[in-house]
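Have a look at structure19.tsv below; it lists TSV, C-alpha atoms.
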```
chain	number	residue	atom	x	y	z
J	1400	MET	CA	-59.17	91.32	38.26
J	1401	LYS	CA	-55.46	92.01	38.57
J	1402	SER	CA	-54.47	95.36	37.05
J	1403	MET	CA	-52.30	95.32	33.92
J	1404	LYS	CA	-51.03	98.93	34.27
J	1405	ALA	CA	-47.51	97.84	35.14
J	1406	TRP	CA	-47.22	95.99	31.85
J	1407	SER	CA	-47.72	99.19	29.84
J	1408	GLN	CA	-44.02	99.87	30.48
J	1409	LEU	CA	-42.97	96.90	28.36
J	1410	SER	CA	-41.66	97.93	24.95
J	1411	GLU	CA	-43.11	94.91	23.17
J	1412	PHE	CA	-43.83	91.22	23.30
J	1413	ARG	CA	-41.68	90.39	20.33
J	1414	GLU	CA	-41.65	86.59	20.27
J	1415	ARG	CA	-43.83	83.72	21.34
J	1416	LYS	CA	-42.96	80.08	21.41
J	1417	SER	CA	-45.46	77.32	21.99
J	1418	SER	CA	-44.69	75.27	25.07
J	1419	THR	CA	-44.52	71.49	24.98
J	1420	PRO	CA	-48.00	70.03	24.27
J	1421	SER	CA	-49.74	68.46	27.24
J	1422	VAL	CA	-53.05	66.82	28.06
J	1423	TRP	CA	-54.11	70.12	29.67
J	1424	HIS	CA	-53.53	72.41	26.72
J	1425	VAL	CA	-54.91	69.95	24.16
J	1426	VAL	CA	-58.17	69.77	26.10
J	1427	MET	CA	-58.45	73.15	27.85
J	1428	GLY	CA	-56.48	75.91	26.12
J	1429	LYS	CA	-53.07	77.08	24.92
J	1430	THR	CA	-49.84	77.98	26.67
J	1431	THR	CA	-46.89	79.97	25.34
J	1432	LYS	CA	-43.52	81.31	26.35
J	1433	SER	CA	-43.53	85.07	25.75
J	1434	ILE	CA	-40.31	87.06	25.45
J	1435	ALA	CA	-40.71	90.74	26.27
J	1436	GLU	CA	-38.29	93.59	25.74
J	1437	LEU	CA	-38.13	95.87	28.77
J	1438	PRO	CA	-37.58	99.65	28.50
J	1439	GLY	CA	-33.84	99.26	29.18
J	1440	GLY	CA	-33.48	96.75	26.36
J	1441	GLU	CA	-33.25	93.66	28.56
J	1442	GLU	CA	-35.32	90.61	27.83
J	1443	ALA	CA	-37.81	89.08	30.24
J	1444	GLN	CA	-39.54	85.74	29.79
J	1445	TYR	CA	-43.14	85.12	30.78
J	1446	PHE	CA	-45.54	82.22	30.78
J	1447	LEU	CA	-48.87	83.01	29.12
J	1448	LYS	CA	-51.93	80.76	29.35
J	1449	VAL	CA	-54.88	81.54	27.08
J	1450	ILE	CA	-58.30	79.92	27.52
J	1451	THR	CA	-61.32	80.33	25.26
J	1452	ILE	CA	-63.63	77.64	26.67
J	1453	GLY	CA	-66.59	78.69	28.81
J	1454	THR	CA	-64.77	78.22	32.12
J	1455	GLY	CA	-61.85	80.47	31.10
J	1456	LYS	CA	-62.56	83.23	33.63
J	1457	HIS	CA	-63.03	80.74	36.41
J	1458	MET	CA	-59.85	78.82	35.54
J	1459	CYS	CA	-57.56	81.83	35.11
J	1460	GLU	CA	-58.76	83.60	38.24
J	1461	GLY	CA	-58.66	80.39	40.27
J	1462	GLU	CA	-55.12	79.54	39.22
J	1463	PHE	CA	-53.94	83.13	39.79
J	1464	GLU	CA	-55.35	83.15	43.33
J	1465	SER	CA	-53.84	79.71	43.98
J	1466	LEU	CA	-50.43	80.80	42.71
J	1467	LYS	CA	-50.61	83.97	44.77
J	1468	ALA	CA	-51.38	82.05	47.97
J	1469	ILE	CA	-48.60	79.49	47.42
J	1470	TYR	CA	-46.05	82.10	46.31
J	1471	ALA	CA	-46.62	84.02	49.55
J	1472	VAL	CA	-45.65	80.91	51.53
J	1473	SER	CA	-43.14	79.11	49.28
J	1474	PRO	CA	-41.96	81.47	46.52
J	1475	GLY	CA	-39.49	78.99	45.07
J	1476	PHE	CA	-42.15	76.29	44.67
J	1477	VAL	CA	-44.31	78.02	42.05
J	1478	PRO	CA	-43.88	80.55	39.24
J	1479	LYS	CA	-44.49	84.12	40.37
J	1480	PRO	CA	-48.01	85.20	39.32
J	1481	TYR	CA	-48.33	88.58	37.61
J	1482	ALA	CA	-51.84	89.03	36.26
J	1483	TRP	CA	-54.98	87.50	34.86
J	1484	GLY	CA	-57.63	89.15	32.77
J	1485	LYS	CA	-59.89	89.21	29.73
J	1486	TYR	CA	-58.92	89.90	26.12
J	1487	LYS	CA	-60.64	92.84	24.44
J	1488	GLN	CA	-62.09	90.56	21.76
J	1489	GLU	CA	-65.64	89.44	22.49
J	1490	ASP	CA	-65.97	86.42	20.21
J	1491	PRO	CA	-64.81	84.05	21.43
J	1492	GLU	CA	-64.60	85.31	25.00
J	1493	THR	CA	-60.97	84.75	25.96
J	1494	TYR	CA	-59.08	84.95	29.25
J	1495	PHE	CA	-55.40	84.81	30.11
J	1496	LEU	CA	-53.01	84.14	32.98
J	1497	LEU	CA	-49.54	85.74	33.01
J	1498	ALA	CA	-46.81	84.35	35.26
J	1499	GLN	CA	-43.07	83.90	35.55
J	1500	PHE	CA	-41.63	81.52	32.96
J	1501	ARG	CA	-39.69	78.62	34.40
J	1502	ASP	CA	-37.85	76.05	32.29
J	1503	VAL	CA	-39.36	72.59	32.78
J	1504	GLY	CA	-36.66	69.99	33.24
J	1505	LYS	CA	-37.06	66.44	34.40
J	1506	GLN	CA	-40.62	65.31	35.06
J	1507	PRO	CA	-41.69	64.34	37.58
J	1508	ALA	CA	-39.57	66.18	40.12
J	1509	ASN	CA	-37.35	63.83	42.11
J	1510	PRO	CA	-38.83	62.36	45.32
J	1511	VAL	CA	-36.60	64.10	47.85
J	1512	THR	CA	-36.94	67.65	46.54
J	1513	LEU	CA	-40.63	67.41	45.67
J	1514	ALA	CA	-41.58	65.88	49.02
J	1515	ALA	CA	-39.51	68.44	50.91
J	1516	ALA	CA	-41.01	71.41	49.07
J	1517	LEU	CA	-44.59	70.14	49.31
J	1518	ALA	CA	-44.27	69.35	53.02
J	1519	GLU	CA	-42.72	72.78	53.68
J	1520	MET	CA	-45.66	74.48	51.95
J	1521	HIS	CA	-48.14	72.45	53.97
J	1522	GLN	CA	-46.35	73.19	57.24
J	1523	LYS	CA	-45.71	76.90	56.72
J	1524	SER	CA	-49.14	77.80	55.36
J	1525	VAL	CA	-51.77	79.34	57.62
J	1526	SER	CA	-55.46	79.53	56.76
J	1527	PRO	CA	-56.54	83.20	56.88
J	1528	THR	CA	-59.73	82.21	58.70
J	1529	GLY	CA	-58.38	79.25	60.65
J	1530	LYS	CA	-60.86	77.10	58.72
J	1531	PHE	CA	-60.93	74.70	55.76
J	1532	GLY	CA	-61.86	76.08	52.35
J	1533	PHE	CA	-60.88	78.98	50.12
J	1534	HIS	CA	-62.14	82.47	49.32
J	1535	ILE	CA	-63.09	81.62	45.71
J	1536	ALA	CA	-63.83	78.55	43.62
J	1537	THR	CA	-60.68	77.26	41.96
J	1538	CYS	CA	-60.61	75.18	38.80
J	1539	HIS	CA	-60.77	71.73	40.42
J	1540	ALA	CA	-64.23	70.70	39.19
J	1541	LYS	CA	-65.44	74.29	39.77
J	1542	ILE	CA	-66.28	73.58	43.39
J	1543	ALA	CA	-67.74	76.58	45.17
J	1544	HIS	CA	-65.59	76.73	48.29
J	1545	THR	CA	-66.83	78.12	51.56
J	1546	TRP	CA	-65.15	78.15	54.96
J	1547	GLU	CA	-65.79	75.19	57.29
J	1548	ASP	CA	-64.57	74.27	60.77
J	1549	SER	CA	-65.02	70.61	59.85
J	1550	TRP	CA	-62.81	68.95	57.24
J	1551	CYS	CA	-65.40	66.18	57.05
J	1552	ALA	CA	-68.09	68.68	56.00
J	1553	LEU	CA	-65.90	70.34	53.37
J	1554	TYR	CA	-64.64	67.10	51.84
J	1555	THR	CA	-68.12	65.56	51.76
J	1556	ARG	CA	-69.30	68.49	49.67
J	1557	HIS	CA	-66.13	68.40	47.55
J	1558	LEU	CA	-66.37	64.69	46.70
J	1559	GLY	CA	-70.15	64.85	46.30
J	1560	HIS	CA	-69.82	67.63	43.73
J	1561	VAL	CA	-67.25	65.66	41.72
J	1562	MET	CA	-69.52	62.60	41.83
J	1563	ASP	CA	-72.45	64.67	40.56
J	1564	LEU	CA	-70.38	65.92	37.62
J	1565	ALA	CA	-69.31	62.41	36.71
J	1566	MET	CA	-72.56	60.54	37.31
J	1567	PRO	CA	-73.86	60.68	33.72
J	1568	ILE	CA	-70.52	59.33	32.48
J	1569	LEU	CA	-70.21	56.72	35.19
J	1570	ASN	CA	-73.70	55.42	34.41
J	1571	TRP	CA	-73.23	55.30	30.64
J	1572	PRO	CA	-72.81	51.81	29.11
J	1573	GLU	CA	-69.19	50.68	29.09
J	1574	SER	CA	-69.15	50.08	25.32
J	1575	ASP	CA	-70.20	53.67	24.62
J	1576	LEU	CA	-67.47	55.09	26.86
J	1577	ARG	CA	-65.02	54.19	24.11
J	1578	ASN	CA	-66.60	56.95	22.04
J	1579	HIS	CA	-66.31	59.91	24.38
J	1580	LEU	CA	-67.67	62.41	21.85
J	1581	GLY	CA	-70.70	60.25	21.25
J	1582	HIS	CA	-71.17	60.05	24.99
J	1583	VAL	CA	-71.08	63.81	25.43
J	1584	MET	CA	-73.60	64.31	22.64
J	1585	ASN	CA	-75.97	61.81	24.22
J	1586	ILE	CA	-75.36	62.69	27.86
J	1587	ALA	CA	-78.77	64.34	28.26
J	1588	LYS	CA	-80.58	61.15	27.39
J	1589	ALA	CA	-78.33	58.76	29.27
J	1590	ILE	CA	-80.16	55.83	30.82
J	1591	LEU	CA	-78.98	55.04	34.33
J	1592	ASN	CA	-78.05	51.40	34.00
J	1593	TRP	CA	-75.74	50.88	36.98
J	1594	PRO	CA	-77.79	51.46	40.14
J	1595	GLU	CA	-75.09	49.76	42.23
J	1596	PHE	CA	-72.78	52.66	41.43
J	1597	ASP	CA	-75.30	55.17	42.75
J	1598	LEU	CA	-75.55	53.11	45.92
J	1599	VAL	CA	-71.80	52.94	46.61
J	1600	CYS	CA	-71.50	56.68	45.98
J	1601	LYS	CA	-74.22	57.31	48.52
J	1602	LEU	CA	-72.64	54.98	51.06
J	1603	THR	CA	-69.21	56.55	50.53
J	1604	LEU	CA	-70.52	60.05	51.25
J	1605	GLU	CA	-72.83	59.11	54.11
J	1606	LYS	CA	-70.81	56.40	55.85
J	1607	VAL	CA	-67.16	56.24	54.73
J	1608	VAL	CA	-66.25	59.94	54.75
J	1609	PRO	CA	-67.64	60.54	58.27
J	1610	ARG	CA	-66.08	57.30	59.58
J	1611	LEU	CA	-62.60	58.30	58.38
J	1612	HIS	CA	-62.72	62.07	58.71
J	1613	LEU	CA	-64.57	62.74	61.95
J	1614	ARG	CA	-61.82	60.81	63.76
J	1615	LEU	CA	-59.26	63.35	62.53
J	1616	GLN	CA	-60.86	66.01	64.74
J	1617	ALA	CA	-62.12	63.80	67.57
J	1618	ASP	CA	-60.75	63.01	71.04
J	1619	GLY	CA	-58.92	66.33	71.28
J	1620	ARG	CA	-57.13	65.98	67.96
J	1621	VAL	CA	-56.47	69.20	66.05
J	1622	LEU	CA	-56.28	69.04	62.26
J	1623	LYS	CA	-54.49	71.99	60.68
J	1624	PRO	CA	-56.00	73.46	57.50
J	1625	CYS	CA	-53.01	73.36	55.12
J	1626	LEU	CA	-52.71	75.15	51.81
J	1627	ILE	CA	-52.71	72.40	49.21
J	1628	HIS	CA	-51.87	72.30	45.52
J	1629	GLY	CA	-55.08	70.45	44.71
J	1630	ASP	CA	-54.02	68.34	41.72
J	1631	CYS	CA	-50.40	67.29	42.13
J	1632	TRP	CA	-49.23	64.72	39.57
J	1633	ASP	CA	-46.30	63.87	37.36
J	1634	SER	CA	-44.90	63.74	33.79
J	1635	GLN	CA	-47.00	65.74	31.31
J	1636	GLY	CA	-48.60	66.94	34.52
J	1637	ASN	CA	-47.70	69.72	36.90
J	1638	THR	CA	-44.55	68.83	38.81
J	1639	ALA	CA	-41.03	69.27	37.45
J	1640	MET	CA	-37.44	70.14	38.17
J	1641	ASP	CA	-36.45	73.68	37.18
J	1642	MET	CA	-33.69	73.39	34.56
J	1643	ARG	CA	-31.97	76.54	35.82
J	1644	THR	CA	-32.20	76.22	39.59
J	1645	ASP	CA	-32.58	72.44	39.96
J	1646	GLN	CA	-35.48	73.10	42.34
J	1647	ALA	CA	-38.72	71.16	42.35
J	1648	PHE	CA	-41.67	73.32	41.37
J	1649	VAL	CA	-45.35	72.90	40.62
J	1650	PHE	CA	-47.94	74.60	38.40
J	1651	ASN	CA	-51.60	74.29	37.27
J	1652	GLU	CA	-52.75	74.79	40.86
J	1653	CYS	CA	-56.34	74.57	42.10
J	1654	SER	CA	-55.70	75.27	45.75
J	1655	PHE	CA	-57.69	75.42	48.96
J	1656	TYR	CA	-57.01	74.88	52.65
J	1657	GLY	CA	-57.55	71.23	53.51
J	1658	HIS	CA	-56.01	68.11	54.99
J	1659	ASN	CA	-52.41	67.90	53.81
J	1660	GLU	CA	-52.80	64.20	52.94
J	1661	PHE	CA	-55.25	65.15	50.17
J	1662	ASP	CA	-52.31	66.24	47.99
J	1663	THR	CA	-50.88	62.71	48.02
J	1664	GLY	CA	-54.16	61.05	46.97
J	1665	ASN	CA	-53.26	61.43	43.31
J	1666	TRP	CA	-49.96	59.62	43.91
J	1667	ARG	CA	-51.75	56.33	44.47
J	1668	ALA	CA	-52.81	55.64	40.87
J	1669	PRO	CA	-50.45	53.24	39.05
J	1670	ARG	CA	-50.80	55.39	35.91
J	1671	HIS	CA	-48.74	58.07	37.67
J	1672	ARG	CA	-44.99	57.84	38.19
J	1673	LEU	CA	-45.53	59.50	41.56
J	1674	SER	CA	-46.99	56.15	42.64
J	1675	ASN	CA	-43.36	55.15	43.15
J	1676	LYS	CA	-43.25	54.48	46.91
J	1677	ALA	CA	-40.22	56.74	47.26
J	1678	TYR	CA	-42.43	59.82	46.95
J	1679	ILE	CA	-44.81	59.02	49.78
J	1680	LYS	CA	-41.93	57.67	51.89
J	1681	GLU	CA	-40.02	60.95	51.56
J	1682	TYR	CA	-43.16	62.98	52.25
J	1683	LYS	CA	-43.97	61.06	55.44
J	1684	LYS	CA	-40.43	61.72	56.71
J	1685	ARG	CA	-41.21	65.44	56.59
J	1686	PHE	CA	-44.87	65.55	57.58
J	1687	PRO	CA	-46.02	62.91	60.09
J	1688	VAL	CA	-49.14	60.91	59.29
J	1689	SER	CA	-52.31	62.25	60.90
J	1690	GLU	CA	-53.87	60.28	63.73
J	1691	PRO	CA	-55.38	57.73	63.69
J	1692	GLU	CA	-52.33	56.51	61.79
J	1693	LYS	CA	-53.97	53.14	61.11
J	1694	ASP	CA	-56.48	54.92	58.85
J	1695	TRP	CA	-53.84	56.40	56.56
J	1696	ASP	CA	-54.19	53.90	53.71
J	1697	ALA	CA	-57.99	54.09	53.73
J	1698	ARG	CA	-57.84	57.91	53.72
J	1699	ASN	CA	-55.36	57.82	50.84
J	1700	LEU	CA	-57.69	55.54	48.88
J	1701	LEU	CA	-60.60	57.87	49.65
J	1702	TYR	CA	-58.64	60.92	48.45
J	1703	SER	CA	-57.68	59.11	45.25
J	1704	LEU	CA	-61.37	58.93	44.29
J	1705	THR	CA	-61.49	62.66	43.50
J	1706	PHE	CA	-58.67	62.35	40.99
J	1707	ASN	CA	-59.78	59.07	39.42
J	1708	ILE	CA	-63.29	60.43	38.94
J	1709	GLY	CA	-61.74	63.55	37.42
J	1710	ASN	CA	-59.86	61.28	35.01
J	1711	ILE	CA	-63.18	59.83	33.90
J	1712	ILE	CA	-64.66	63.29	33.34
J	1713	TYR	CA	-61.79	64.84	31.40
J	1714	ILE	CA	-59.86	62.05	29.68
J	1715	PRO	CA	-61.45	60.45	26.60
J	1716	GLY	CA	-61.35	56.67	26.83
J	1717	SER	CA	-60.59	56.68	30.57
J	1718	SER	CA	-60.29	53.21	32.10
J	1719	GLN	CA	-61.05	54.37	35.66
J	1720	ARG	CA	-64.79	53.66	35.77
J	1721	GLN	CA	-64.47	50.14	37.22
J	1722	VAL	CA	-61.48	51.19	39.35
J	1723	VAL	CA	-63.55	53.88	41.09
J	1724	TYR	CA	-66.42	51.47	41.73
J	1725	ASP	CA	-64.06	48.81	43.13
J	1726	ASP	CA	-62.26	51.33	45.35
J	1727	MET	CA	-65.51	52.61	46.85
J	1728	THR	CA	-66.66	49.04	47.41
J	1729	GLU	CA	-63.38	48.29	49.23
J	1730	LEU	CA	-63.84	51.32	51.49
```
Written form, structure tokens:
Amino acid sequence: MKSMKAWSQLSEFRERKSSTPSVWHVVMGKTTKSIAELPGGEEAQYFLKVITIGTGKHMCEGEFESLKAIYAVSPGFVPKPYAWGKYKQEDPETYFLLAQFRDVGKQPANPVTLAAALAEMHQKSVSPTGKFGFHIATCHAKIAHTWEDSWCALYTRHLGHVMDLAMPILNWPESDLRNHLGHVMNIAKAILNWPEFDLVCKLTLEKVVPRLHLRLQADGRVLKPCLIHGDCWDSQGNTAMDMRTDQAFVFNECSFYGHNEFDTGNWRAPRHRLSNKAYIKEYKKRFPVSEPEKDWDARNLLYSLTFNIGNIIYIPGSSQRQVVYDDMTEL
């Protein structure tokens, strides 16, 4: 846990302002802008995230470690992380993340600046082990990362874990999905009524992932493990233009070292404004498509599954159930 000793020098946190509501903080926790008075009388602004749900420790530590890794490579692309920790209160158990406050301007960030900054992070980053993975589990579906030489092996476990989390929801009758609370209450007694979905999940993991991913490291090809954001999306999401610097920046990271193209998988969904072709066009200008190039669209569709399944898990009334099934069938 990051030490808070340095913060004892602050005179006081004398004002807090709630940040703009988002899907994240409605579902997961609260975020605030904190204004602190420093010993010399100057003001400093901080971003404070507070989480009381059961995964609070995991989420705050994971985001702090993600921010720290990205800040070391591309300091202008993320807020500077300062600390994470646990509140003294025991009930409810509460955790926090403290970082630099940056004024959110236009969302999403414009295509040229976002693509340039993301590609630079991917290119400049170096895996500390030379492998794919991360040293801790970050908050993307609480996947326990390890280090793997094979991207195929890591992604198979990654996608399989997300599928396991979603399976009770994906197999629940369509009519009952409209009542997400009712679904959660009855999840333990869900009757698996869509065996075809189980089958396409199995085929995707056992056939599609190896077919597309083993080629990336075959025939002498070298696939670099790049530091990735992990959940890069748009308005009310986690990309924006900084109002003060006019730089693109990102937040709500759940990073690991993986295939750089994974970060653009969430740009495929029509519900996101990053699905505008200008974003992927600008990114490809700065980071060439991995070989075999002909597989790019299929890989992008495969990577989109993680995010669309996540939408089903976390967003009440999600319409992605049939989309995910159709996409896996296409692959």
Problem set entry | d(CA of Tyr1682 (chain J), CA of Phe1661 (chain J)) in Å |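 Separation between CA of Tyr1682 (chain J) and CA of Phe1661 (chain J): 12.5 Å.
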Determine, counting all atoms listed in the file, which protein, DNA and RNA residues have an atom within 8 Å of an atom of Leu1466 (chain J); residues of the same chain fewer than 2 positions away are not included. Present the result as a PDB file with C-alpha atoms, in the frame of the given file.
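Wrote it out as out.pdb, contents follow:
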```
ATOM      1  CA  GLU J1462     -55.120  79.540  39.220  1.00  0.00           C
ATOM      2  CA  PHE J1463     -53.940  83.130  39.790  1.00  0.00           C
ATOM      3  CA  GLU J1464     -55.350  83.150  43.330  1.00  0.00           C
ATOM      4  CA  ALA J1468     -51.380  82.050  47.970  1.00  0.00           C
ATOM      5  CA  ILE J1469     -48.600  79.490  47.420  1.00  0.00           C
ATOM      6  CA  TYR J1470     -46.050  82.100  46.310  1.00  0.00           C
ATOM      7  CA  VAL J1477     -44.310  78.020  42.050  1.00  0.00           C
ATOM      8  CA  PRO J1478     -43.880  80.550  39.240  1.00  0.00           C
ATOM      9  CA  LYS J1479     -44.490  84.120  40.370  1.00  0.00           C
ATOM     10  CA  PRO J1480     -48.010  85.200  39.320  1.00  0.00           C
ATOM     11  CA  PHE J1650     -47.940  74.600  38.400  1.00  0.00           C
ATOM     12  CA  GLU J1652     -52.750  74.790  40.860  1.00  0.00           C
TER      13      GLU J1652
END
```
Problem set entry | CA of Val1621 (chain J) to CA of Leu1701 (chain J), straight-line distance in Å | 20.4 Å
For a quick check of your reading of the model, name the residues lying within 10 Å of the coordinate (-61.9, 56.6, 34.1), counting only C-alpha atoms, and write them as an mmCIF file with C-alpha atoms, in the coordinates of the input.
```
data_model
loop_
_atom_site.group_PDB
_atom_site.id
_atom_site.type_symbol
_atom_site.label_atom_id
_atom_site.label_comp_id
_atom_site.auth_asym_id
_atom_site.auth_seq_id
_atom_site.Cartn_x
_atom_site.Cartn_y
_atom_site.Cartn_z
ATOM 1 C CA ALA J 1565 -69.310 62.410 36.710
ATOM 2 C CA ILE J 1568 -70.520 59.330 32.480
ATOM 3 C CA LEU J 1569 -70.210 56.720 35.190
ATOM 4 C CA LEU J 1576 -67.470 55.090 26.860
ATOM 5 C CA PHE J 1706 -58.670 62.350 40.990
ATOM 6 C CA ASN J 1707 -59.780 59.070 39.420
ATOM 7 C CA ILE J 1708 -63.290 60.430 38.940
ATOM 8 C CA GLY J 1709 -61.740 63.550 37.420
ATOM 9 C CA ASN J 1710 -59.860 61.280 35.010
ATOM 10 C CA ILE J 1711 -63.180 59.830 33.900
ATOM 11 C CA ILE J 1712 -64.660 63.290 33.340
ATOM 12 C CA TYR J 1713 -61.790 64.840 31.400
ATOM 13 C CA ILE J 1714 -59.860 62.050 29.680
ATOM 14 C CA PRO J 1715 -61.450 60.450 26.600
ATOM 15 C CA GLY J 1716 -61.350 56.670 26.830
ATOM 16 C CA SER J 1717 -60.590 56.680 30.570
ATOM 17 C CA SER J 1718 -60.290 53.210 32.100
ATOM 18 C CA GLN J 1719 -61.050 54.370 35.660
ATOM 19 C CA ARG J 1720 -64.790 53.660 35.770
ATOM 20 C CA GLN J 1721 -64.470 50.140 37.220
ATOM 21 C CA VAL J 1722 -61.480 51.190 39.350
ATOM 22 C CA VAL J 1723 -63.550 53.880 41.090
#
```
Exercise. Using only C-alpha atoms, what residues lie at most 12 Å away from (-45.1, 58.0, 43.2) (file coordinates), given as a ChimeraX atom specification?
Worked result: /J:1506-1511,1513-1514,1631-1634,1638,1662-1682
For this session: Give the answer as one residue: which of J:Ser1703, J:Thr1603, J:Thr1537, J:Asn1637 has the shortest atom-to-atom distance to Thr1454 (chain J), using all atoms listed in the file?
Result: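 Nearest to Thr1454 (chain J): J:Thr1537.
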For this session: For Arg1614 (chain J), work out the shell of residues within 12 Å, counting only C-alpha atoms and skipping chain neighbours fewer than 3 positions away, then give it as an MDAnalysis selection string.
Result: chainID J and resid 1549:1551 1607:1611 1617:1622 1689:1695 1698
For this session: Considering only C-alpha atoms, return as a PyMOL selection string whatever protein or nucleic-acid residues lie within 12 Å of Glu1605 (chain J), sequence-local ones (same chain, fewer than 3 positions apart) excluded.
Result: chain J and resi 1551-1552+1554-1556+1558-1559+1598-1602+1608-1613
For this session: May I ask which of the residues J:Val1525, J:Pro1438, J:Glu1660, J:Thr1705 is the closest one to Val1561 (chain J), counting only C-alpha atoms?
Result: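 Among the listed residues, the smallest separation from Val1561 (chain J) belongs to J:Thr1705.
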Problem set entry | Residue nearest Cys1459 (chain J) - candidates J:Pro1491, J:Gly1484, J:Gly1439, J:Pro1474, atoms counted: all atoms listed in the file |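 Of all the options, J:Gly1484 lies closest to Cys1459 (chain J).
Taking CA of Thr1545 (chain J) and CA of His1457 (chain J) as endpoints, the distance between them is 15.8 Å.
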Exercise. Can you tell me, as a ChimeraX atom specification, what residues are no more than 10 Å from Pro1527 (chain J) when counting all atoms listed in the file, ignoring any on the same chain fewer than 4 positions away?
Worked result: /J:1531-1534,1624,1656
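Excluding Gly1529 (chain J) and any residue on its chain fewer than 5 positions from it, the residues at most 9 Å away by only C-alpha atoms are J:Trp1546, J:Asp1548, J:Lys1623, J:Pro1624.
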Problem set entry | From J:Phe1446, J:Leu1700, J:Asn1659, J:Gly1455, residue lying nearest Ala1498 (chain J) [all atoms listed in the file] | J:Phe1446
For this session: Return the single residue from J:Met1562, J:Ser1433, J:Leu1626, J:Lys1606 that is closest to Ala1471 (chain J), with distances computed using all atoms listed in the file.
Result: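 Of J:Met1562, J:Ser1433, J:Leu1626, J:Lys1606, the one nearest Ala1471 (chain J), counting all atoms listed in the file, is J:Leu1626.
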